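> Data: entry32.pdb, PDB, C-alpha atoms.
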ATOM      1  CA  MET A 149      80.533 -29.819  13.602  1.00  0.00           C
ATOM      2  CA  ALA A 150      84.046 -31.247  14.023  1.00  0.00           C
ATOM      3  CA  ALA A 151      85.390 -32.244  17.431  1.00  0.00           C
ATOM      4  CA  THR A 152      88.482 -30.407  18.633  1.00  0.00           C
ATOM      5  CA  GLY A 153      91.058 -30.851  21.367  1.00  0.00           C
ATOM      6  CA  GLU A 154      90.007 -33.086  24.232  1.00  0.00           C
ATOM      7  CA  GLU A 155      86.762 -34.134  22.483  1.00  0.00           C
ATOM      8  CA  ALA A 156      88.737 -35.458  19.513  1.00  0.00           C
ATOM      9  CA  ALA A 157      91.102 -37.355  21.823  1.00  0.00           C
ATOM     10  CA  ALA A 158      88.156 -38.855  23.718  1.00  0.00           C
ATOM     11  CA  MET A 159      86.459 -40.003  20.486  1.00  0.00           C
ATOM     12  CA  ASP A 160      89.731 -41.424  19.226  1.00  0.00           C
ATOM     13  CA  SER A 161      90.295 -43.410  22.429  1.00  0.00           C
ATOM     14  CA  ILE A 162      86.696 -44.725  22.313  1.00  0.00           C
ATOM     15  CA  SER A 163      87.145 -45.927  18.750  1.00  0.00           C
ATOM     16  CA  ARG A 164      90.324 -47.805  19.769  1.00  0.00           C
ATOM     17  CA  VAL A 165      88.634 -49.900  22.481  1.00  0.00           C
ATOM     18  CA  PRO A 166      89.416 -53.530  21.622  1.00  0.00           C
ATOM     19  CA  PRO A 167      86.365 -55.497  20.488  1.00  0.00           C
ATOM     20  CA  VAL A 168      84.909 -57.883  23.024  1.00  0.00           C
ATOM     21  CA  HIS A 169      84.893 -61.537  22.070  1.00  0.00           C
ATOM     22  CA  PRO A 170      81.325 -62.974  21.970  1.00  0.00           C
ATOM     23  CA  THR A 171      82.144 -65.506  24.680  1.00  0.00           C
ATOM     24  CA  VAL A 172      82.985 -62.681  27.050  1.00  0.00           C
ATOM     25  CA  LEU A 173      79.432 -61.324  26.848  1.00  0.00           C
ATOM     26  CA  SER A 174      77.003 -63.183  29.047  1.00  0.00           C
ATOM     27  CA  LEU A 175      73.289 -62.923  28.584  1.00  0.00           C
ATOM     28  CA  GLY A 176      72.599 -64.626  31.877  1.00  0.00           C
ATOM     29  CA  GLY A 177      72.721 -61.479  33.954  1.00  0.00           C
ATOM     30  CA  SER A 178      76.390 -60.561  33.794  1.00  0.00           C
ATOM     31  CA  SER A 179      77.069 -57.096  35.051  1.00  0.00           C
ATOM     32  CA  GLU A 180      80.250 -56.763  33.007  1.00  0.00           C
ATOM     33  CA  PRO A 181      80.352 -53.638  30.886  1.00  0.00           C
ATOM     34  CA  ARG A 182      81.324 -54.059  27.254  1.00  0.00           C
ATOM     35  CA  GLY A 183      84.952 -53.703  26.374  1.00  0.00           C
ATOM     36  CA  GLU A 184      86.390 -54.393  29.801  1.00  0.00           C
ATOM     37  CA  PRO A 185      88.784 -57.293  30.297  1.00  0.00           C
ATOM     38  CA  SER A 186      87.635 -60.305  32.245  1.00  0.00           C
ATOM     39  CA  GLU A 187      89.290 -63.180  34.001  1.00  0.00           C
ATOM     40  CA  THR A 188      88.780 -66.889  33.529  1.00  0.00           C
ATOM     41  CA  ALA A 189      88.032 -68.955  36.626  1.00  0.00           C
ATOM     42  CA  ALA A 190      89.424 -72.422  37.235  1.00  0.00           C
ATOM     43  CA  ASP A 191      86.282 -74.134  35.936  1.00  0.00           C
ATOM     44  CA  GLY A 192      86.442 -72.261  32.605  1.00  0.00           C
ATOM     45  CA  GLN A 193      83.722 -69.678  33.288  1.00  0.00           C
ATOM     46  CA  VAL A 194      84.353 -66.074  32.441  1.00  0.00           C
ATOM     47  CA  VAL A 195      84.441 -63.875  35.530  1.00  0.00           C
ATOM     48  CA  PRO A 196      84.027 -60.171  34.846  1.00  0.00           C
ATOM     49  CA  ALA A 197      86.542 -57.735  36.159  1.00  0.00           C
ATOM     50  CA  ALA A 198      85.368 -55.125  38.639  1.00  0.00           C
ATOM     51  CA  PRO A 199      84.080 -52.040  36.869  1.00  0.00           C
ATOM     52  CA  LYS A 200      86.137 -48.911  37.118  1.00  0.00           C
ATOM     53  CA  LYS A 201      84.652 -46.048  39.068  1.00  0.00           C
ATOM     54  CA  PRO A 202      84.729 -42.753  37.224  1.00  0.00           C
ATOM     55  CA  THR A 203      86.980 -40.197  38.748  1.00  0.00           C
ATOM     56  CA  THR A 204      86.975 -36.551  38.057  1.00  0.00           C
ATOM     57  CA  SER A 205      90.040 -34.484  38.007  1.00  0.00           C
ATOM     58  CA  SER A 206      89.811 -31.250  39.905  1.00  0.00           C
ATOM     59  CA  SER A 207      92.108 -29.611  37.394  1.00  0.00           C
ATOM     60  CA  ASP A 208      89.651 -30.319  34.507  1.00  0.00           C
ATOM     61  CA  GLY A 209      86.785 -28.595  36.230  1.00  0.00           C
ATOM     62  CA  GLY A 210      84.852 -31.873  36.788  1.00  0.00           C
ATOM     63  CA  VAL A 211      85.005 -33.237  33.213  1.00  0.00           C
ATOM     64  CA  GLU A 212      85.702 -36.942  32.680  1.00  0.00           C
ATOM     65  CA  THR A 213      88.132 -38.116  30.051  1.00  0.00           C
ATOM     66  CA  ALA A 214      87.469 -41.108  27.829  1.00  0.00           C
ATOM     67  CA  GLU A 215      89.652 -43.344  29.957  1.00  0.00           C
ATOM     68  CA  GLU A 216      87.695 -42.398  33.067  1.00  0.00           C
ATOM     69  CA  ALA A 217      84.233 -42.876  31.523  1.00  0.00           C
ATOM     70  CA  VAL A 218      82.511 -46.155  32.355  1.00  0.00           C
ATOM     71  CA  GLU A 219      79.916 -47.661  30.061  1.00  0.00           C
ATOM     72  CA  PRO A 220      76.466 -48.044  31.615  1.00  0.00           C
ATOM     73  CA  ASP A 221      75.657 -51.345  33.269  1.00  0.00           C
ATOM     74  CA  ILE A 222      74.067 -53.784  30.812  1.00  0.00           C
ATOM     75  CA  ASN A 223      71.773 -55.208  33.497  1.00  0.00           C
ATOM     76  CA  GLU A 224      70.476 -51.749  34.323  1.00  0.00           C
ATOM     77  CA  LEU A 225      69.945 -51.001  30.660  1.00  0.00           C
ATOM     78  CA  CYS A 226      68.184 -54.338  30.117  1.00  0.00           C
ATOM     79  CA  THR A 227      66.031 -53.805  33.199  1.00  0.00           C
ATOM     80  CA  ASP A 228      65.180 -50.304  32.033  1.00  0.00           C
ATOM     81  CA  MET A 229      64.417 -51.586  28.534  1.00  0.00           C
ATOM     82  CA  PHE A 230      62.218 -54.402  29.871  1.00  0.00           C
ATOM     83  CA  ASP A 231      60.419 -51.999  32.210  1.00  0.00           C
ATOM     84  CA  LYS A 232      59.709 -49.614  29.350  1.00  0.00           C
ATOM     85  CA  MET A 233      58.715 -52.492  27.089  1.00  0.00           C
ATOM     86  CA  ALA A 234      56.376 -53.757  29.824  1.00  0.00           C
ATOM     87  CA  VAL A 235      54.796 -50.314  30.130  1.00  0.00           C
ATOM     88  CA  PHE A 236      54.439 -50.149  26.345  1.00  0.00           C
ATOM     89  CA  LEU A 237      52.914 -53.623  26.094  1.00  0.00           C
ATOM     90  CA  GLN A 238      50.663 -52.921  29.084  1.00  0.00           C
ATOM     91  CA  GLY A 239      49.422 -49.796  27.300  1.00  0.00           C
ATOM     92  CA  GLU A 240      48.862 -51.733  24.082  1.00  0.00           C
ATOM     93  CA  LEU A 241      46.999 -54.494  25.911  1.00  0.00           C
ATOM     94  CA  THR A 242      44.971 -51.970  27.881  1.00  0.00           C
ATOM     95  CA  GLY A 243      43.975 -50.252  24.634  1.00  0.00           C
ATOM     96  CA  THR A 244      43.072 -53.580  23.072  1.00  0.00           C
ATOM     97  CA  CYS A 245      41.050 -54.563  26.150  1.00  0.00           C
ATOM     98  CA  GLU A 246      39.215 -51.236  25.981  1.00  0.00           C
ATOM     99  CA  ASP A 247      38.488 -51.854  22.293  1.00  0.00           C
ATOM    100  CA  TYR A 248      37.094 -55.278  23.117  1.00  0.00           C
ATOM    101  CA  ARG A 249      34.993 -53.834  25.952  1.00  0.00           C
ATOM    102  CA  LEU A 250      33.641 -51.234  23.545  1.00  0.00           C
ATOM    103  CA  LEU A 251      32.815 -53.940  20.997  1.00  0.00           C
ATOM    104  CA  GLU A 252      31.182 -56.012  23.720  1.00  0.00           C
ATOM    105  CA  ASN A 253      29.035 -53.054  24.799  1.00  0.00           C
ATOM    106  CA  MET A 254      28.140 -52.300  21.195  1.00  0.00           C
ATOM    107  CA  ASN A 255      27.173 -55.950  20.676  1.00  0.00           C
ATOM    108  CA  LYS A 256      25.013 -55.871  23.817  1.00  0.00           C
ATOM    109  CA  LEU A 257      23.267 -52.694  22.662  1.00  0.00           C
ATOM    110  CA  THR A 258      22.778 -54.111  19.185  1.00  0.00           C
ATOM    111  CA  SER A 259      21.377 -57.294  20.701  1.00  0.00           C
ATOM    112  CA  LEU A 260      18.936 -55.236  22.781  1.00  0.00           C
ATOM    113  CA  LYS A 261      17.865 -53.265  19.715  1.00  0.00           C
ATOM    114  CA  TYR A 262      17.270 -56.492  17.801  1.00  0.00           C
ATOM    115  CA  MET A 263      15.281 -57.871  20.727  1.00  0.00           C
ATOM    116  CA  GLU A 264      13.121 -54.720  20.663  1.00  0.00           C
ATOM    117  CA  MET A 265      12.694 -55.050  16.903  1.00  0.00           C
ATOM    118  CA  LYS A 266      11.784 -58.720  17.367  1.00  0.00           C
ATOM    119  CA  ASP A 267       9.119 -57.768  19.926  1.00  0.00           C
ATOM    120  CA  ILE A 268       7.767 -55.101  17.599  1.00  0.00           C
ATOM    121  CA  SER A 269       7.635 -57.524  14.671  1.00  0.00           C
ATOM    122  CA  ILE A 270       5.878 -60.124  16.844  1.00  0.00           C
ATOM    123  CA  ASN A 271       3.274 -57.501  17.791  1.00  0.00           C
ATOM    124  CA  ILE A 272       2.861 -56.475  14.172  1.00  0.00           C
ATOM    125  CA  SER A 273       2.456 -60.114  13.156  1.00  0.00           C
ATOM    126  CA  ARG A 274      -0.132 -60.677  15.892  1.00  0.00           C
ATOM    127  CA  ASN A 275      -2.054 -57.544  14.829  1.00  0.00           C
ATOM    128  CA  LEU A 276      -1.886 -58.638  11.190  1.00  0.00           C
ATOM    129  CA  GLN A 277      -3.337 -62.014  12.104  1.00  0.00           C
ATOM    130  CA  ASP A 278      -6.121 -60.264  14.038  1.00  0.00           C
ATOM    131  CA  LEU A 279      -6.854 -58.048  11.045  1.00  0.00           C
ATOM    132  CA  ASN A 280      -6.881 -61.070   8.733  1.00  0.00           C
ATOM    133  CA  LEU A 281      -9.380 -62.806  11.031  1.00  0.00           C
ATOM    134  CA  LYS A 282     -11.587 -59.703  11.122  1.00  0.00           C
ATOM    135  CA  TYR A 283     -11.371 -59.397   7.335  1.00  0.00           C
ATOM    136  CA  ALA A 284     -12.314 -63.052   7.002  1.00  0.00           C
ATOM    137  CA  SER A 285     -15.309 -62.499   9.292  1.00  0.00           C
ATOM    138  CA  LEU A 286     -16.346 -59.447   7.244  1.00  0.00           C
ATOM    139  CA  GLN A 287     -15.881 -61.219   3.895  1.00  0.00           C
ATOM    140  CA  PRO A 288     -19.507 -62.457   3.605  1.00  0.00           C
ATOM    141  CA  TYR A 289     -20.769 -58.902   4.162  1.00  0.00           C
ATOM    142  CA  LEU A 290     -18.308 -57.589   1.606  1.00  0.00           C
ATOM    143  CA  ASP A 291     -19.544 -60.194  -0.863  1.00  0.00           C
ATOM    144  CA  GLN A 292     -23.141 -59.084  -0.211  1.00  0.00           C
ATOM    145  CA  ILE A 293     -22.111 -55.473  -0.798  1.00  0.00           C
ATOM    146  CA  ASN A 294     -20.537 -56.481  -4.113  1.00  0.00           C
ATOM    147  CA  GLN A 295     -23.712 -58.336  -5.124  1.00  0.00           C
ATOM    148  CA  ILE A 296     -25.870 -55.351  -4.185  1.00  0.00           C
ATOM    149  CA  GLU A 297     -23.580 -53.085  -6.183  1.00  0.00           C
ATOM    150  CA  GLU A 298     -23.927 -55.326  -9.237  1.00  0.00           C
ATOM    151  CA  GLN A 299     -27.719 -55.403  -8.815  1.00  0.00           C
ATOM    152  CA  VAL A 300     -27.834 -51.607  -8.444  1.00  0.00           C
ATOM    153  CA  SER A 301     -25.812 -51.122 -11.599  1.00  0.00           C
ATOM    154  CA  SER A 302     -28.081 -53.556 -13.515  1.00  0.00           C
ATOM    155  CA  LEU A 303     -31.141 -51.708 -12.142  1.00  0.00           C
ATOM    156  CA  GLU A 304     -29.573 -48.427 -13.233  1.00  0.00           C
ATOM    157  CA  GLN A 305     -29.078 -49.803 -16.739  1.00  0.00           C
ATOM    158  CA  ALA A 306     -32.701 -50.966 -16.766  1.00  0.00           C
ATOM    159  CA  ALA A 307     -33.842 -47.532 -15.554  1.00  0.00           C
ATOM    160  CA  TYR A 308     -31.900 -45.843 -18.393  1.00  0.00           C
ATOM    161  CA  LYS A 309     -33.463 -48.215 -20.922  1.00  0.00           C
ATOM    162  CA  LEU A 310     -36.910 -47.612 -19.474  1.00  0.00           C
ATOM    163  CA  ASP A 311     -36.326 -43.858 -19.599  1.00  0.00           C
ATOM    164  CA  THR A 312     -35.301 -43.963 -23.243  1.00  0.00           C
ATOM    165  CA  TYR A 313     -38.248 -46.224 -24.069  1.00  0.00           C
ATOM    166  CA  SER A 314     -40.657 -43.921 -22.243  1.00  0.00           C
ATOM    167  CA  LYS A 315     -39.277 -40.932 -24.174  1.00  0.00           C
ATOM    168  CA  LYS A 316     -39.826 -42.776 -27.438  1.00  0.00           C
ATOM    169  CA  LEU A 317     -43.357 -43.664 -26.371  1.00  0.00           C
ATOM    170  CA  GLU A 318     -44.071 -40.087 -25.413  1.00  0.00           C
ATOM    171  CA  ALA A 319     -42.782 -38.869 -28.740  1.00  0.00           C
ATOM    172  CA  LYS A 320     -45.048 -41.396 -30.562  1.00  0.00           C
ATOM    173  CA  PHE A 321     -48.010 -40.388 -28.393  1.00  0.00           C
ATOM    174  CA  LYS A 322     -47.529 -36.711 -29.172  1.00  0.00           C
ATOM    175  CA  LYS A 323     -47.239 -37.564 -32.852  1.00  0.00           C
ATOM    176  CA  LEU A 324     -50.498 -39.537 -32.744  1.00  0.00           C
ATOM    177  CA  GLU A 325     -52.212 -36.840 -30.755  1.00  0.00           C
ATOM    178  CA  LYS A 326     -51.440 -34.234 -33.368  1.00  0.00           C
ATOM    179  CA  ARG A 327     -53.160 -36.156 -36.014  1.00  0.00           C
TER     180      ARG A 327
END
Write out the structure in this file as structure tokens.


Amino acid sequence: MAATGEEAAAMDSISRVPPVHPTVLSLGGSSEPRGEPSETAADGQVVPAAPKKPTTSSSDGGVETAEEAVEPDINELCTDMFDKMAVFLQGELTGTCEDYRLLENMNKLTSLKYMEMKDISINISRNLQDLNLKYASLQPYLDQINQIEEQVSSLEQAAYKLDTYSKKLEAKFKKLEKR
């Protein structure tokens, strides 16, 4: 949208503001608005001129012209910027601190879980040692059981052989008896 009438004149006058020399700007807390002339003191320091107060013309219905408009105070803008930056950084640091607190809590919980697991594994190890001792004490009886099992199976084999031999003998006896 193109500016017309007074808006165009105001933009034109803003674009014609003479550039400010870098030595005129002071970063040390000068309250001089950009583009305003300044005076030089006797010792060579730049002294800013008093800012113009905006005036409104009653005939314009309360609208300022470009010549009447005053740029915002750099100190106020810097203070506002630093305040907002401080709030931003405070929020970032708060979020980071919360993240670290969360990690710390998670580490504490994990440590507790590992301690519980350590206790459980110690109990399991102790029980395993007890079982190994009991198994070692039962080992002679288990060996006897194995020996008895071997003897029973050899006796069973002997019983089968005896049974087959007795059947053969019976068959021979019946054959002799028939004669």

> Provide the CA of Glu224 (chain A) to CA of Leu241 (chain A) distance in Å, to one decimal place.

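Between CA of Glu224 (chain A) and CA of Leu241 (chain A) the gap works out to 25.1 Å.
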
> Grab the CA of Met229 (chain A) to CA of Arg249 (chain A) distance for me, in Å with one decimal place.

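Separation of CA of Met229 (chain A) and CA of Arg249 (chain A): 29.6 Å.
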
> Just the number, please: distance in Å from CA of Asn294 (chain A) to CA of Lys309 (chain A), one decimal.

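Distance reported for this atom pair: 22.8 Å.
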